[in-house]
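Chemist: This is upload-v2.cif, which holds mmCIF, C-alpha atoms:
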data_start
#
loop_
_atom_site.label_atom_id
_atom_site.label_comp_id
_atom_site.auth_asym_id
_atom_site.auth_seq_id
_atom_site.Cartn_x
_atom_site.Cartn_y
_atom_site.Cartn_z
CA SER A 1 55.94 -55.50 -178.39
CA VAL A 2 55.72 -57.42 -181.64
CA GLU A 3 53.62 -54.62 -183.17
CA THR A 4 56.38 -52.10 -182.39
CA VAL A 5 58.89 -54.29 -184.22
CA ARG A 6 56.52 -54.87 -187.17
CA ASN A 7 55.88 -51.12 -187.47
CA TYR A 8 59.61 -50.38 -187.36
CA VAL A 9 60.32 -52.94 -190.10
CA LYS A 10 57.45 -51.55 -192.19
CA GLU A 11 58.64 -47.94 -191.76
CA LYS A 12 62.12 -48.98 -192.93
CA GLY A 13 60.61 -50.67 -195.99
CA TRP A 14 62.37 -53.93 -195.22
CA PRO A 15 60.77 -56.90 -197.01
CA MET A 16 60.72 -59.32 -194.09
CA THR A 17 58.26 -61.18 -191.96
CA VAL A 18 58.37 -60.70 -188.20
CA LEU A 19 57.20 -63.70 -186.22
CA TRP A 20 56.64 -63.93 -182.50
CA ALA A 21 56.03 -67.00 -180.37
CA GLY A 22 54.97 -67.20 -176.74
CA SER A 23 57.36 -70.10 -176.23
CA LEU A 24 60.18 -71.48 -178.32
CA PRO A 25 61.09 -75.01 -179.36
CA PRO A 26 64.48 -76.06 -177.93
CA THR A 27 66.03 -75.66 -181.41
CA PHE A 28 65.75 -71.88 -181.03
CA THR A 29 67.11 -71.69 -177.49
CA THR A 30 70.51 -70.03 -177.60
CA GLU A 31 72.94 -68.27 -175.34
CA GLY A 32 73.98 -65.90 -178.11
CA ILE A 33 72.44 -62.48 -178.63
CA PRO A 34 71.51 -61.70 -181.28
CA ALA A 35 70.56 -65.05 -182.75
CA THR A 36 69.34 -65.25 -186.33
CA PHE A 37 67.73 -68.24 -187.99
CA ILE A 38 67.07 -68.41 -191.72
CA ILE A 39 64.14 -70.74 -192.32
CA SER A 40 63.42 -72.19 -195.76
CA PRO A 41 59.94 -72.18 -197.28
CA GLU A 42 59.81 -75.85 -196.25
CA GLY A 43 60.24 -74.83 -192.60
CA LYS A 44 63.83 -76.08 -192.23
CA ILE A 45 66.60 -74.07 -190.60
CA VAL A 46 69.12 -73.49 -193.38
CA LYS A 47 71.33 -71.09 -191.43
CA ALA A 48 71.82 -70.28 -187.77
CA GLU A 49 74.06 -67.41 -186.77
CA MET A 50 74.85 -66.51 -183.17
CA GLY A 51 76.18 -63.02 -182.56
CA ALA A 52 76.60 -60.15 -184.96
CA ALA A 53 76.88 -60.85 -188.68
CA ASP A 54 77.55 -58.77 -191.77
CA TRP A 55 74.41 -59.57 -193.75
CA ASN A 56 75.54 -57.32 -196.63
CA GLN A 57 78.48 -59.51 -197.70
CA ALA A 58 78.10 -60.70 -201.30
CA SER A 59 78.35 -64.37 -200.23
CA VAL A 60 75.56 -63.92 -197.68
CA VAL A 61 73.30 -62.04 -200.12
CA SER A 62 73.84 -64.78 -202.71
CA PHE A 63 73.04 -67.43 -200.09
CA LEU A 64 69.79 -65.67 -199.16
CA GLU A 65 68.78 -65.12 -202.77
CA LYS A 66 69.28 -68.82 -203.53
CA ASP A 67 67.21 -69.71 -200.45
CA ALA A 68 64.40 -67.43 -201.64
CA SER A 69 64.51 -68.98 -205.12
CA GLY A 70 64.34 -72.55 -203.83
CA THR A 71 67.78 -73.41 -205.26
CA PRO A 72 69.76 -75.89 -203.11
CA LEU A 73 71.93 -73.90 -200.72
CA PRO A 74 75.71 -74.12 -200.33
CA SER A 75 77.32 -72.80 -197.18
CA PRO A 76 77.65 -69.00 -197.38
CA ARG A 77 81.13 -69.17 -195.82
CA THR A 78 84.30 -69.87 -197.71
CA SER A 79 86.70 -70.93 -194.99
CA ALA A 80 86.61 -74.22 -193.08
CA LYS A 81 87.41 -72.37 -189.85
CA ASP A 82 84.31 -70.23 -190.44
CA GLU A 83 81.83 -73.08 -190.62
CA PRO A 84 78.29 -72.00 -189.74
CA THR A 85 77.48 -72.05 -186.07
CA PRO A 86 75.49 -75.19 -185.28
CA VAL A 87 71.97 -74.81 -183.97
CA VAL A 88 71.92 -75.22 -180.19
CA ARG A 89 69.49 -77.97 -179.20
#
What would the structure in this file look like if it were written as structure tokens?
Modeler:
Amino acid sequence: SVETVRNYVKEKGWPMTVLWAGSLPPTFTTEGIPATFIISPEGKIVKAEMGAADWNQASVVSFLEKDASGTPLPSPRTSAKDEPTPVVR
């Protein structure tokens, strides 16, 4: 349940918001598990990652910190072959 997840996140001390929706807009429909979407304060998807990701990489942490500060976001990847996975619509 969503409360189980919220309690787990709270027990870990992770500063994140857990949201749950009864149905999803097509933008969030994926075939990848896990699927992570970083949503800006303006409600825009600024990053979509399908599959496992190393969220502790310095480039990713910097990307997330800039998102939280409202600074325009560059891509967190450095290689053209590693372009962010597009959002499945």
Chemist: Quick one: residues within 8 Å of region 50-57 of chain A, all atoms listed in the file, excluding same-chain residues fewer than 4 positions away - as an NGL selection string?
Modeler: :A and (30 or 32-36 or 61 or 85)
Chemist: Between CA of Thr4 (chain A) and CA of Val60 (chain A), what is the spacing in Å?
Modeler: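 Separating CA of Val60 (chain A) from CA of Thr4 (chain A) is a distance of 27.2 Å.
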Chemist: Hey, can you check how far CA of Gly22 (chain A) sits from CA of Phe63 (chain A)?
Modeler: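 Pair CA of Gly22 (chain A) / CA of Phe63 (chain A) returns 29.5 Å.
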Chemist: Could you please determine the separation between CA of Phe28 (chain A) and CA of Ala48 (chain A) in Å, to one decimal place?
Modeler: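 Between CA of Phe28 (chain A) and CA of Ala48 (chain A) the gap works out to 9.2 Å.
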Chemist: Around region 59-65 of chain A, with edges along x, y and z and 3 Å added on all six sides, what centre and edge lengths do you get, in Å to one decimal, as JSON?
Modeler:
{"center_x": 73.6, "center_y": -64.7, "center_z": -200.2, "size_x": 15.6, "size_y": 11.4, "size_z": 11.1}
